[in-house]
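S.K.: Below you'll find my_file_5.txt; it's compact mmCIF, C-alpha atoms.
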# COMPACT_ATOMS: atom_id res chain seq x y z
CA MET A 156 31.66 93.63 -4.11
CA SER A 157 28.24 92.76 -5.33
CA ARG A 158 29.65 90.49 -8.03
CA LYS A 159 31.89 88.67 -5.50
CA TRP A 160 28.93 88.14 -3.20
CA ILE A 161 26.91 86.65 -5.99
CA GLN A 162 29.78 84.32 -6.97
CA ALA A 163 30.12 83.15 -3.36
CA LEU A 164 26.41 82.48 -3.14
CA VAL A 165 26.50 80.43 -6.35
CA PHE A 166 29.47 78.43 -5.02
CA VAL A 167 27.57 77.61 -1.80
CA LEU A 168 24.51 76.50 -3.77
CA ILE A 169 26.61 74.25 -6.00
CA LEU A 170 28.42 72.75 -3.02
CA THR A 171 25.12 72.07 -1.25
CA THR A 172 23.74 70.36 -4.35
CA VAL A 173 26.80 68.12 -4.65
CA LEU A 174 26.71 67.17 -0.99
CA THR A 175 22.99 66.46 -1.19
CA GLY A 176 23.55 64.27 -4.23
CA CYS A 177 26.26 62.35 -2.42
CA GLY A 178 23.98 61.88 0.56
CA GLY A 179 21.18 60.67 -1.67
CA GLY A 180 23.54 58.20 -3.29
CA SER A 181 24.53 56.89 0.09
CA ASN A 182 20.91 56.43 1.15
CA ALA A 183 20.06 54.72 -2.13
CA SER A 184 22.91 52.30 -1.60
CA THR A 185 21.64 51.54 1.88
CA ASP A 186 18.13 51.11 0.55
CA ASN A 187 19.42 48.70 -2.09
CA LYS A 188 21.18 46.66 0.58
CA ASP A 189 18.00 46.56 2.62
CA ASN A 190 16.01 45.52 -0.42
CA SER A 191 18.57 42.84 -1.20
CA SER A 192 18.34 41.56 2.36
CA ASN A 193 14.54 41.53 2.27
CA SER A 194 14.62 39.73 -1.05
CA ALA A 195 16.76 36.95 0.42
CA GLU A 196 14.17 36.46 3.15
CA GLN A 197 11.25 36.12 0.75
CA PRO A 198 9.16 32.93 1.14
CA ALA A 199 10.08 29.94 -1.02
CA GLU A 200 8.60 29.67 -4.47
CA LYS A 201 4.96 28.53 -4.53
CA VAL A 202 4.65 25.03 -5.97
CA LYS A 203 1.57 23.06 -6.95
CA LEU A 204 1.75 19.31 -6.41
CA THR A 205 -0.84 16.71 -7.36
CA LEU A 206 -1.25 13.73 -5.01
CA TRP A 207 -3.35 10.58 -5.36
CA HIS A 208 -3.87 8.19 -2.46
CA ASN A 209 -6.27 5.45 -1.37
CA PHE A 210 -6.49 6.24 2.35
CA THR A 211 -10.22 6.86 2.22
CA GLY A 212 -11.55 4.67 5.03
CA GLU A 213 -12.20 5.36 8.70
CA ASP A 214 -9.69 2.76 9.90
CA LEU A 215 -6.75 3.86 12.04
CA ARG A 216 -4.20 3.55 9.22
CA ALA A 217 -6.21 5.67 6.79
CA LYS A 218 -6.84 8.32 9.42
CA ALA A 219 -3.17 8.34 10.41
CA MET A 220 -1.97 8.80 6.83
CA ARG A 221 -4.47 11.57 6.16
CA GLY A 222 -3.09 13.17 9.31
CA VAL A 223 0.44 12.91 7.91
CA ILE A 224 -0.71 14.63 4.72
CA ASP A 225 -2.49 17.39 6.66
CA GLN A 226 0.63 18.01 8.75
CA PHE A 227 2.75 18.18 5.61
CA GLN A 228 0.51 20.93 4.26
CA LYS A 229 0.84 22.90 7.50
CA ASP A 230 4.62 22.50 7.53
CA HIS A 231 5.05 23.51 3.87
CA GLU A 232 2.86 26.53 3.18
CA ASN A 233 4.60 27.12 -0.15
CA ILE A 234 3.48 23.69 -1.44
CA GLN A 235 -0.12 23.58 -2.60
CA LEU A 236 -1.41 20.00 -2.72
CA GLU A 237 -4.17 19.04 -5.12
CA ILE A 238 -5.39 15.76 -3.66
CA GLN A 239 -7.53 12.97 -5.05
CA ALA A 240 -8.55 10.34 -2.53
CA ILE A 241 -9.75 7.20 -4.33
CA PRO A 242 -11.33 4.14 -2.62
CA PRO A 243 -9.00 1.10 -2.63
CA ASP A 244 -11.21 -1.17 -4.75
CA GLY A 245 -11.01 1.10 -7.80
CA TYR A 246 -7.65 2.71 -7.14
CA ARG A 247 -5.34 0.36 -9.02
CA GLN A 248 -7.38 0.49 -12.22
CA ARG A 249 -7.56 4.30 -12.11
CA LEU A 250 -3.78 4.43 -11.85
CA LYS A 251 -3.31 2.06 -14.78
CA THR A 252 -5.66 4.14 -16.90
CA VAL A 253 -3.80 7.42 -16.36
CA ALA A 254 -0.42 5.66 -16.60
CA ALA A 255 -1.36 4.37 -20.07
CA ALA A 256 -1.81 8.00 -21.14
CA ASN A 257 1.34 9.09 -19.25
CA GLU A 258 -0.78 11.42 -17.13
CA LEU A 259 0.10 10.19 -13.66
CA PRO A 260 -0.14 12.65 -10.75
CA ASP A 261 3.11 14.14 -9.46
CA VAL A 262 3.11 11.85 -6.41
CA PHE A 263 0.90 8.82 -5.89
CA ILE A 264 0.62 5.67 -3.81
CA MET A 265 1.91 2.74 -5.90
CA HIS A 266 1.54 -1.02 -5.47
CA PRO A 267 4.73 -3.12 -5.39
CA GLY A 268 5.62 -5.92 -7.76
CA THR A 269 3.85 -6.12 -11.10
CA VAL A 270 2.35 -2.62 -11.14
CA ALA A 271 5.63 -0.95 -10.16
CA LYS A 272 7.51 -3.05 -12.70
CA GLU A 273 5.15 -2.12 -15.53
CA PHE A 274 5.28 1.57 -14.65
CA SER A 275 9.07 1.57 -14.51
CA SER A 276 9.32 -0.31 -17.83
CA ALA A 277 6.98 2.23 -19.43
CA GLY A 278 9.14 5.09 -18.16
CA VAL A 279 6.26 6.87 -16.43
CA ILE A 280 7.91 6.95 -12.97
CA GLN A 281 11.37 7.95 -11.79
CA PRO A 282 13.81 6.40 -9.29
CA ILE A 283 14.19 7.75 -5.76
CA ASP A 284 17.77 6.49 -5.21
CA ASP A 285 19.15 10.02 -4.77
CA LEU A 286 16.53 10.83 -2.14
CA LEU A 287 17.25 7.62 -0.24
CA ASN A 288 21.01 8.19 -0.37
CA LYS A 289 20.55 11.70 1.04
CA ASN A 290 18.74 10.15 4.00
CA PRO A 291 20.83 7.10 5.03
CA ASP A 292 19.04 6.65 8.38
CA TRP A 293 15.85 6.14 6.43
CA LYS A 294 17.28 3.88 3.74
CA ASP A 295 19.28 1.73 6.16
CA GLY A 296 16.39 1.44 8.61
CA TYR A 297 14.46 -1.06 6.49
CA LEU A 298 14.43 -4.81 7.01
CA PRO A 299 16.38 -6.91 4.46
CA ASN A 300 14.83 -7.21 0.99
CA SER A 301 12.26 -4.49 1.69
CA PHE A 302 13.02 -2.70 -1.57
CA ASP A 303 13.00 -5.82 -3.77
CA ASP A 304 9.48 -5.37 -5.16
CA PHE A 305 10.21 -1.73 -6.00
CA THR A 306 13.64 -2.33 -7.57
CA PHE A 307 14.08 -2.83 -11.32
CA GLU A 308 17.31 -2.84 -13.31
CA GLY A 309 19.19 -1.75 -10.21
CA LYS A 310 17.07 1.33 -9.47
CA ILE A 311 14.63 1.86 -6.59
CA TYR A 312 11.31 3.48 -7.48
CA SER A 313 9.57 3.67 -4.11
CA ALA A 314 9.92 3.00 -0.39
CA PRO A 315 7.41 0.69 1.34
CA MET A 316 5.05 2.29 3.81
CA SER A 317 3.91 -0.99 5.37
CA LEU A 318 4.18 -4.76 5.39
CA SER A 319 1.15 -6.66 4.11
CA PRO A 320 0.54 -10.27 5.05
CA THR A 321 -2.55 -11.04 2.98
CA SER A 322 -3.90 -14.35 4.28
CA ILE A 323 -4.69 -14.02 7.98
CA LEU A 324 -7.41 -16.32 9.32
CA TYR A 325 -9.43 -14.19 11.76
CA TYR A 326 -11.65 -16.26 14.02
CA ASN A 327 -14.14 -15.65 16.80
CA LYS A 328 -13.02 -17.75 19.75
CA LYS A 329 -16.40 -17.63 21.49
CA ILE A 330 -18.43 -18.68 18.44
CA LEU A 331 -16.11 -21.62 17.80
CA SER A 332 -16.01 -22.64 21.48
CA ASP A 333 -19.79 -22.37 21.91
CA ASN A 334 -20.17 -24.83 19.03
CA GLY A 335 -17.58 -27.32 20.23
CA LEU A 336 -14.93 -26.15 17.75
CA SER A 337 -11.37 -24.87 17.89
CA VAL A 338 -9.43 -22.89 15.33
CA PRO A 339 -8.94 -25.29 12.36
CA THR A 340 -5.33 -26.26 11.65
CA THR A 341 -5.98 -28.95 9.01
CA TRP A 342 -8.21 -29.04 5.94
CA ASP A 343 -10.48 -31.71 7.45
CA GLU A 344 -10.92 -29.63 10.60
CA LEU A 345 -11.87 -26.63 8.47
CA LEU A 346 -14.49 -28.58 6.52
CA GLN A 347 -15.90 -30.00 9.75
CA ALA A 348 -16.17 -26.49 11.21
CA VAL A 349 -17.97 -25.33 8.06
CA LYS A 350 -20.48 -28.17 8.41
CA VAL A 351 -21.19 -27.54 12.10
CA LEU A 352 -21.55 -23.77 11.68
CA ASN A 353 -23.89 -24.13 8.71
CA GLU A 354 -26.11 -26.40 10.80
CA LYS A 355 -26.31 -23.59 13.39
CA ASN A 356 -27.10 -20.96 10.69
CA ILE A 357 -23.80 -19.16 11.34
CA ILE A 358 -21.73 -17.96 8.41
CA PRO A 359 -18.53 -20.04 8.56
CA ILE A 360 -16.29 -17.66 6.60
CA ALA A 361 -17.35 -14.15 5.54
CA LEU A 362 -16.25 -13.29 2.00
CA GLY A 363 -16.56 -10.03 0.06
CA ASN A 364 -15.30 -10.66 -3.47
CA LYS A 365 -17.15 -7.98 -5.44
CA ALA A 366 -13.82 -6.45 -6.33
CA PRO A 367 -12.37 -9.86 -7.21
CA TRP A 368 -8.86 -9.37 -5.87
CA LEU A 369 -9.70 -10.60 -2.37
CA ALA A 370 -10.24 -14.30 -3.13
CA GLN A 371 -6.97 -14.28 -5.06
CA SER A 372 -4.83 -12.25 -2.67
CA SER A 373 -6.14 -13.45 0.68
CA ILE A 374 -7.16 -17.05 0.02
CA LEU A 375 -5.70 -18.55 -3.16
CA SER A 376 -2.20 -17.08 -2.77
CA SER A 377 -1.69 -18.92 0.51
CA LEU A 378 -3.87 -21.95 -0.23
CA ALA A 379 -2.21 -22.63 -3.57
CA ASP A 380 1.25 -22.34 -2.04
CA ARG A 381 0.24 -24.98 0.50
CA VAL A 382 -0.44 -27.32 -2.45
CA THR A 383 2.24 -26.44 -5.02
CA GLY A 384 5.07 -24.95 -2.98
CA THR A 385 6.75 -21.62 -3.72
CA GLU A 386 9.38 -23.04 -6.09
CA TRP A 387 6.69 -24.28 -8.47
CA PHE A 388 4.96 -20.89 -8.43
CA ASN A 389 8.17 -19.01 -9.21
CA LYS A 390 8.78 -21.28 -12.20
CA ALA A 391 5.21 -20.87 -13.42
CA VAL A 392 5.50 -17.08 -13.20
CA GLU A 393 8.56 -17.18 -15.45
CA GLN A 394 7.07 -19.99 -17.56
CA ASP A 395 10.28 -21.88 -16.92
CA GLY A 396 9.53 -25.55 -16.30
CA ALA A 397 6.03 -25.09 -14.87
CA LYS A 398 2.63 -24.03 -16.17
CA PHE A 399 -0.64 -23.06 -14.56
CA THR A 400 -2.27 -26.00 -16.29
CA ASP A 401 -0.07 -28.40 -14.29
CA PRO A 402 -1.95 -30.90 -12.08
CA GLU A 403 -0.80 -29.34 -8.81
CA PHE A 404 -2.29 -25.94 -9.64
CA VAL A 405 -5.54 -27.50 -10.88
CA GLU A 406 -5.63 -29.32 -7.53
CA ALA A 407 -5.16 -26.00 -5.70
CA LEU A 408 -8.12 -24.53 -7.60
CA SER A 409 -10.13 -27.62 -6.68
CA TYR A 410 -9.48 -27.04 -2.97
CA MET A 411 -10.60 -23.44 -3.41
CA GLN A 412 -13.81 -24.58 -5.08
CA GLN A 413 -14.36 -27.19 -2.38
CA LEU A 414 -14.82 -24.40 0.16
CA ALA A 415 -17.60 -22.84 -1.89
CA LEU A 416 -19.31 -26.20 -2.52
CA ALA A 417 -19.20 -26.98 1.20
CA GLY A 418 -20.99 -23.71 1.96
CA ALA A 419 -18.05 -22.00 3.64
CA PHE A 420 -19.13 -18.56 2.36
CA GLN A 421 -22.40 -16.67 2.72
CA ASP A 422 -24.79 -16.32 -0.22
CA GLY A 423 -23.93 -13.44 -2.57
CA PHE A 424 -20.23 -13.33 -1.71
CA ASN A 425 -19.40 -11.98 -5.18
CA ALA A 426 -21.85 -9.10 -4.68
CA ILE A 427 -20.46 -7.49 -1.50
CA ASP A 428 -17.19 -5.68 -0.94
CA THR A 429 -14.53 -6.10 1.73
CA THR A 430 -16.08 -3.46 4.01
CA GLN A 431 -19.38 -5.32 4.05
CA MET A 432 -17.50 -8.58 4.63
CA GLU A 433 -15.74 -7.09 7.64
CA GLN A 434 -19.06 -5.85 8.98
CA LEU A 435 -20.47 -9.40 8.90
CA TYR A 436 -17.58 -10.50 11.07
CA ALA A 437 -17.57 -7.40 13.28
CA GLN A 438 -21.27 -7.86 13.99
CA GLY A 439 -20.76 -11.48 15.10
CA LYS A 440 -22.63 -12.95 12.12
CA ALA A 441 -19.61 -14.89 10.84
CA ALA A 442 -17.26 -17.17 12.76
CA MET A 443 -14.24 -16.45 10.55
CA MET A 444 -12.90 -14.34 7.71
CA ILE A 445 -9.70 -14.49 5.68
CA GLU A 446 -8.09 -11.14 4.91
CA GLY A 447 -4.83 -9.25 5.15
CA GLY A 448 -3.17 -7.67 8.16
CA TRP A 449 -4.77 -4.36 7.20
CA ALA A 450 -8.12 -5.69 8.48
CA VAL A 451 -6.98 -5.20 12.09
CA THR A 452 -7.18 -1.42 11.76
CA ASN A 453 -10.68 -1.74 10.31
CA LEU A 454 -11.83 -4.08 13.10
CA VAL A 455 -10.39 -1.85 15.79
CA ALA A 456 -12.34 1.05 14.30
CA SER A 457 -15.66 -0.76 13.80
CA ALA A 458 -15.98 -3.88 15.99
CA SER A 459 -17.24 -3.95 19.58
CA GLU A 460 -14.90 -4.57 22.49
CA GLU A 461 -16.49 -8.00 22.90
CA ILE A 462 -15.76 -9.03 19.30
CA LEU A 463 -12.20 -7.68 19.49
CA ALA A 464 -11.53 -9.48 22.76
CA ASN A 465 -12.72 -12.76 21.24
CA THR A 466 -10.85 -12.44 17.94
CA GLY A 467 -7.79 -14.59 17.29
CA VAL A 468 -5.43 -14.72 14.32
CA ALA A 469 -3.90 -17.77 12.66
CA VAL A 470 -2.49 -19.07 9.39
CA LEU A 471 -4.61 -21.04 6.92
CA PRO A 472 -4.97 -24.78 7.61
CA SER A 473 -2.50 -27.25 6.16
CA ILE A 474 -3.29 -29.30 3.05
CA PRO A 475 -2.84 -33.09 2.94
CA ASN A 476 0.41 -34.01 1.18
CA GLY A 477 1.02 -30.38 0.26
CA LYS A 478 4.43 -29.32 -1.02
CA GLY A 479 4.35 -25.89 0.61
CA ASP A 480 5.20 -24.69 4.11
CA PRO A 481 2.04 -24.85 6.24
CA ASN A 482 3.52 -22.41 8.75
CA SER A 483 3.48 -19.49 6.35
CA LEU A 484 1.49 -16.47 5.21
CA SER A 485 1.28 -14.99 1.75
CA GLY A 486 2.40 -11.40 1.90
CA ALA A 487 4.35 -8.59 0.35
CA ILE A 488 5.77 -5.25 1.24
CA GLY A 489 3.07 -2.63 1.22
CA VAL A 490 2.41 0.28 -1.09
CA GLY A 491 4.81 3.18 -1.36
CA PRO A 492 4.86 6.75 -2.71
CA ALA A 493 6.15 7.18 -6.26
CA MET A 494 6.93 10.18 -8.46
CA SER A 495 5.88 10.75 -12.04
CA SER A 496 8.74 10.87 -14.52
CA LYS A 497 7.49 14.31 -15.59
CA VAL A 498 8.27 15.89 -12.23
CA GLU A 499 11.35 18.13 -12.30
CA GLY A 500 12.86 21.33 -10.90
CA ALA A 501 11.12 22.96 -7.94
CA THR A 502 8.19 20.56 -8.31
CA LYS A 503 10.53 17.59 -7.93
CA GLU A 504 12.08 19.09 -4.79
CA ALA A 505 8.60 19.46 -3.33
CA ALA A 506 7.65 15.95 -4.44
CA GLU A 507 10.71 14.47 -2.72
CA LYS A 508 9.76 16.22 0.52
CA LEU A 509 6.29 14.68 0.26
CA VAL A 510 7.66 11.19 -0.46
CA LEU A 511 9.89 11.45 2.63
CA ALA A 512 6.99 12.67 4.73
CA LEU A 513 4.78 9.76 3.62
CA ALA A 514 7.32 6.95 4.03
CA GLY A 515 10.10 8.33 6.21
CA PRO A 516 10.99 7.23 9.76
CA GLU A 517 8.41 9.42 11.48
CA ALA A 518 5.61 8.18 9.21
CA GLN A 519 6.72 4.58 9.82
CA LYS A 520 6.34 5.06 13.57
CA ILE A 521 2.92 6.64 13.11
CA THR A 522 1.89 3.73 10.88
CA LEU A 523 2.99 1.11 13.42
CA GLU A 524 1.08 2.84 16.20
CA ALA A 525 -1.97 2.87 13.92
CA ASN A 526 -2.01 -0.94 14.14
CA GLN A 527 -0.37 -1.47 10.75
CA LEU A 528 2.68 -3.69 10.18
CA ILE A 529 5.77 -2.11 8.66
CA SER A 530 9.01 -3.36 7.13
CA PHE A 531 10.99 -0.63 8.89
CA LYS A 532 13.00 -1.38 12.02
CA ALA A 533 10.96 -0.01 14.89
CA GLU A 534 10.18 -1.38 18.33
CA LEU A 535 6.50 -1.93 19.03
CA ASP A 536 5.15 -0.18 22.12
CA LYS A 537 2.28 -2.55 22.97
CA SER A 538 0.71 0.07 25.21
CA LYS A 539 -0.07 2.16 22.13
CA VAL A 540 -1.73 -0.53 20.01
CA ASN A 541 -4.74 -2.81 20.29
CA PRO A 542 -4.02 -6.28 21.79
CA LEU A 543 -5.26 -7.88 18.55
CA PHE A 544 -2.57 -6.05 16.62
CA ALA A 545 0.04 -7.18 19.13
CA ASP A 546 -1.10 -10.78 18.50
CA LEU A 547 -0.83 -10.25 14.75
CA TYR A 548 2.63 -8.72 15.14
CA GLU A 549 3.74 -11.80 17.09
CA LEU A 550 2.24 -14.20 14.52
CA VAL A 551 3.83 -12.52 11.52
CA ASN A 552 7.23 -12.57 13.15
CA LYS A 553 7.23 -16.33 13.68
CA VAL A 554 6.06 -17.59 10.26
CA SER A 555 7.60 -17.51 6.81
CA ARG A 556 6.34 -15.36 3.94
CA THR A 557 5.22 -16.68 0.55
CA PRO A 558 4.37 -14.68 -2.61
CA VAL A 559 1.08 -12.94 -3.29
CA TYR A 560 -0.16 -13.85 -6.77
CA ASP A 561 -1.00 -10.35 -7.99
CA ALA A 562 2.42 -9.07 -6.91
CA ARG A 563 4.18 -11.50 -9.24
CA LEU A 564 1.87 -12.31 -12.14
CA THR A 565 1.49 -10.13 -15.21
CA SER A 566 -1.51 -7.80 -15.25
CA GLN A 567 -3.22 -10.06 -17.79
CA ALA A 568 -2.77 -13.14 -15.61
CA THR A 569 -3.83 -11.27 -12.47
CA GLU A 570 -7.06 -10.26 -14.16
CA ALA A 571 -7.55 -13.84 -15.35
CA VAL A 572 -7.09 -15.18 -11.82
CA ASN A 573 -9.37 -12.57 -10.24
CA ASN A 574 -12.21 -13.06 -12.71
CA GLY A 575 -11.60 -16.79 -12.92
CA LEU A 576 -12.02 -17.25 -9.17
CA GLN A 577 -15.41 -15.57 -9.28
CA GLU A 578 -16.42 -18.14 -11.90
CA LEU A 579 -14.73 -21.01 -10.05
CA LEU A 580 -16.57 -20.30 -6.81
CA LEU A 581 -19.84 -20.40 -8.74
CA GLY A 582 -19.08 -23.80 -10.26
CA ALA A 583 -16.78 -23.38 -13.29
CA LYS A 584 -14.34 -26.22 -13.97
CA PRO A 585 -10.89 -25.78 -12.36
CA GLU A 586 -9.20 -27.00 -15.58
CA ASP A 587 -10.89 -24.27 -17.62
CA ILE A 588 -9.87 -21.53 -15.18
CA ALA A 589 -6.30 -22.88 -15.09
CA LYS A 590 -6.07 -22.66 -18.89
CA LYS A 591 -7.28 -19.05 -18.90
CA ILE A 592 -4.62 -18.13 -16.35
CA GLN A 593 -1.91 -19.96 -18.26
CA ASP A 594 -2.84 -18.31 -21.58
CA ALA A 595 -2.90 -14.86 -19.94
CA GLN A 596 0.51 -15.31 -18.31
CA GLU A 597 2.04 -16.47 -21.60
CA GLN A 598 0.58 -13.46 -23.41
CA GLY A 599 1.60 -11.03 -20.67
CA LEU A 600 5.23 -12.11 -20.82
CA LYS A 601 5.30 -11.54 -24.57
CA GLU A 602 4.18 -7.92 -24.28
Please, can you express the file's structure as structure tokens?

M.R.:
Amino acid sequence: MSRKWIQALVFVLILTTVLTGCGGGSNASTDNKDNSSNSAEQPAEKVKLTLWHNFTGEDLRAKAMRGVIDQFQKDHENIQLEIQAIPPDGYRQRLKTVAAANELPDVFIMHPGTVAKEFSSAGVIQPIDDLLNKNPDWKDGYLPNSFDDFTFEGKIYSAPMSLSPTSILYYNKKILSDNGLSVPTTWDELLQAVKVLNEKNIIPIALGNKAPWLAQSSILSSLADRVTGTEWFNKAVEQDGAKFTDPEFVEALSYMQQLALAGAFQDGFNAIDTTQMEQLYAQGKAAMMIEGGWAVTNLVASASEEILANTGVAVLPSIPNGKGDPNSLSGAIGVGPAMSSKVEGATKEAAEKLVLALAGPEAQKITLEANQLISFKAELDKSKVNPLFADLYELVNKVSRTPVYDARLTSQATEAVNNGLQELLLGAKPEDIAKKIQDAQEQGLKE
């Protein structure tokens, strides 16, 4: 009996062990399922993304875009942005320097036209066609031809974040009226206004050409088109039946120089930047200035209510016997976000989200309400913008658009124009400057 009892006890112990093992297996399986479920709910992979932009000012547009970037960071905690904010005057050259070494940031703000074309040709950026096609409401929401200056060999490399007329004549209605003047619509009227204002010790036209792109982009691009016409310029760009040494372009440079010789600009105009130029106007020290549509956001941020209320916008005056359309503004689509060709995998997915955030429909609306023109179809709510911007919006929508020189010329020719205008305004011969530009464009097309 004792042996049977012992055998029964052993059987019970074995059975208990087996059942316990089965129970443990069941719990382990459940634990594995729970772990699997928890794993699926883990946060997305952490990604580092480098971003360069030039929204460094205190104007409404710059503040709005920095706000878009801040919101993106809050909405995407798994994406760590490493940001470099570079002032506009030095931004383009910084980009070209890193592009030459194929060390562009993952995402950066890129200029349309020549810069975008050179970057795409060098293979340092990648197309965004797939991203646009995944978001048809965004792609189809643009005005016609908006992607032209970002499209090369059938591929789109960026989406414009704004529309940039570059040659707006801003004028102080009160200063002109107090001196018996009206906004000049002809070249003779402009020269007469310059004479009268100089006699009253008022700066006729504020100019800040320290970073020499302004005289080219905001004055010459429109002024030269008044003289030569757009068809001539297009041919000269391609070196197909026209050259920058042609008489009509030399004449355009002569008109530009005539302004300086007449005393249209304040002393030291090559030594101050655009911000200082805008301050001269915003403080009521200058009757006029010639700059792009972007200046409205700066004026709204810095000028007094009195100056803003008295500011009007117009196109540059017509030129006698000019071949171009006098009812036009030089302009181009604005900058857009681009991606380095090195970006791939999870980093590319994050980069595409950032590109969409910077240039997508919501950002376009924010940009418009920050008093910045856009090439995206959106209705302007005038109650949300400054009256000056509403006037600019109306002006831009009733005139034609002509090319901006630095958006079409080679980099070599753009540099030749920029530096040449500084010399021209200080007295260099128009023929000599024209030859430098012609030689640079020829060389640039060969490279």

S.K.: Set the distance at 6 Å and use only C-alpha atoms: which residues neighbour A:Pro315 once local chain neighbours fewer than 2 positions away are removed? I'd like the list as a ChimeraX atom specification.

M.R.: /A:317,489-491

S.K.: Find the residues around A:Gln434 up to 10 Å (only C-alpha atoms counted), leave out those fewer than 5 positions away in its own chain, and share them as a list in words.

M.R.: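 Near A:Gln434, the qualifying residues are Ala361, Thr429, Gly439, Lys440, Ala441, Asn453, Leu454, Ser457 and Ala458 of chain A.
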
S.K.: Restricting the output to C-alpha atoms, write the selected residues as a compact mmCIF listing (two decimals), keeping the file's coordinate frame.

M.R.:
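And here is the file that came out, selection14.txt:
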# COMPACT_ATOMS: atom_id res chain seq x y z
CA ALA A 361 -17.35 -14.15 5.54
CA THR A 429 -14.53 -6.10 1.73
CA GLY A 439 -20.76 -11.48 15.10
CA LYS A 440 -22.63 -12.95 12.12
CA ALA A 441 -19.61 -14.89 10.84
CA ASN A 453 -10.68 -1.74 10.31
CA LEU A 454 -11.83 -4.08 13.10
CA SER A 457 -15.66 -0.76 13.80
CA ALA A 458 -15.98 -3.88 15.99

S.K.: Kindly provide the residues of stretch 437-537 of chain A that approach stretch 403-425 of chain A to within 10 Å, each paired with its closest atom pair and their distance in Å to one decimal, based on only C-alpha atoms, listed by chain and increasing number, as JSON lines.

M.R.:
{"residue": "A:Ala441", "atom": "CA", "partner": "A:Gln421", "partner_atom": "CA", "distance": 8.8}
{"residue": "A:Met443", "atom": "CA", "partner": "A:Ala419", "partner_atom": "CA", "distance": 9.6}
{"residue": "A:Met444", "atom": "CA", "partner": "A:Phe420", "partner_atom": "CA", "distance": 9.2}
{"residue": "A:Ile474", "atom": "CA", "partner": "A:Tyr410", "partner_atom": "CA", "distance": 8.9}
{"residue": "A:Gly477", "atom": "CA", "partner": "A:Glu403", "partner_atom": "CA", "distance": 9.3}
{"residue": "A:Lys478", "atom": "CA", "partner": "A:Glu403", "partner_atom": "CA", "distance": 9.4}

S.K.: Please work out which residues fall within 9 Å of (-11.5, -20.1, 20.6), coordinates as given in the file, with only C-alpha atoms counting, and return them as an NGL selection string.

M.R.: :A and (326-333 or 336-338 or 465-467)

S.K.: Now that the selection is made, can you save its residues with C-alpha atoms as a CSV table (one decimal), in the coordinates of the input?

M.R.:
chain,number,residue,atom,x,y,z
A,326,TYR,CA,-11.6,-16.3,14.0
A,327,ASN,CA,-14.1,-15.6,16.8
A,328,LYS,CA,-13.0,-17.8,19.8
A,329,LYS,CA,-16.4,-17.6,21.5
A,330,ILE,CA,-18.4,-18.7,18.4
A,331,LEU,CA,-16.1,-21.6,17.8
A,332,SER,CA,-16.0,-22.6,21.5
A,333,ASP,CA,-19.8,-22.4,21.9
A,336,LEU,CA,-14.9,-26.2,17.8
A,337,SER,CA,-11.4,-24.9,17.9
A,338,VAL,CA,-9.4,-22.9,15.3
A,465,ASN,CA,-12.7,-12.8,21.2
A,466,THR,CA,-10.8,-12.4,17.9
A,467,GLY,CA,-7.8,-14.6,17.3

S.K.: Between A:Asn356, A:Gln371, A:Asn364, A:Thr211, which is the closest to A:Glu433 once you count all atoms listed in the file?

M.R.: A:Asn364

S.K.: Find the residue from A:Asp261, A:Glu446, A:Asp244, A:Glu549 that sits nearest to A:Ser322; use all atoms listed in the file when measuring.

M.R.: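 So, comparing all the options, the nearest one is A:Glu446.
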
S.K.: Separation of atom CA of A:Asp304 and atom CA of A:Gln394, in Å?

M.R.: 19.3 Å

S.K.: Identify which of the residues A:Leu509, A:Met265, A:Leu463, A:Met220 lies closest to A:Leu523, counting all atoms listed in the file when measuring atom-to-atom distances.

M.R.: A:Met220

S.K.: As an exercise, work out the distance from atom CA of A:Gly212 to atom CA of A:Gln235 in Å and give it to one decimal place.

M.R.: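 Separating atom CA of A:Gly212 from atom CA of A:Gln235 is a distance of 23.4 Å.
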
S.K.: Kindly give the distance, in Å, that separates atom CA of A:Val279 and atom CA of A:Thr522, rounded to a single decimal.

M.R.: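 Separating atom CA of A:Val279 from atom CA of A:Thr522 is a distance of 27.8 Å.
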
S.K.: Which is closest to A:Ser373 among A:Ile241, A:Ala348, A:Ala589, A:Val559, if we use only C-alpha atoms?

M.R.: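 The shortest atom-to-atom distance to A:Ser373 comes from A:Val559.
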
S.K.: At a cut-off of 10 Å, using all atoms listed in the file, what residues contact stretch 566-576 of chain A? Leave out same-chain residues fewer than 4 positions from it and give the result as a PyMOL selection string.

M.R.: chain A and resi 269-270+273+364+366-372+375+392+408+411-412+425+560-562+580-585+587-600
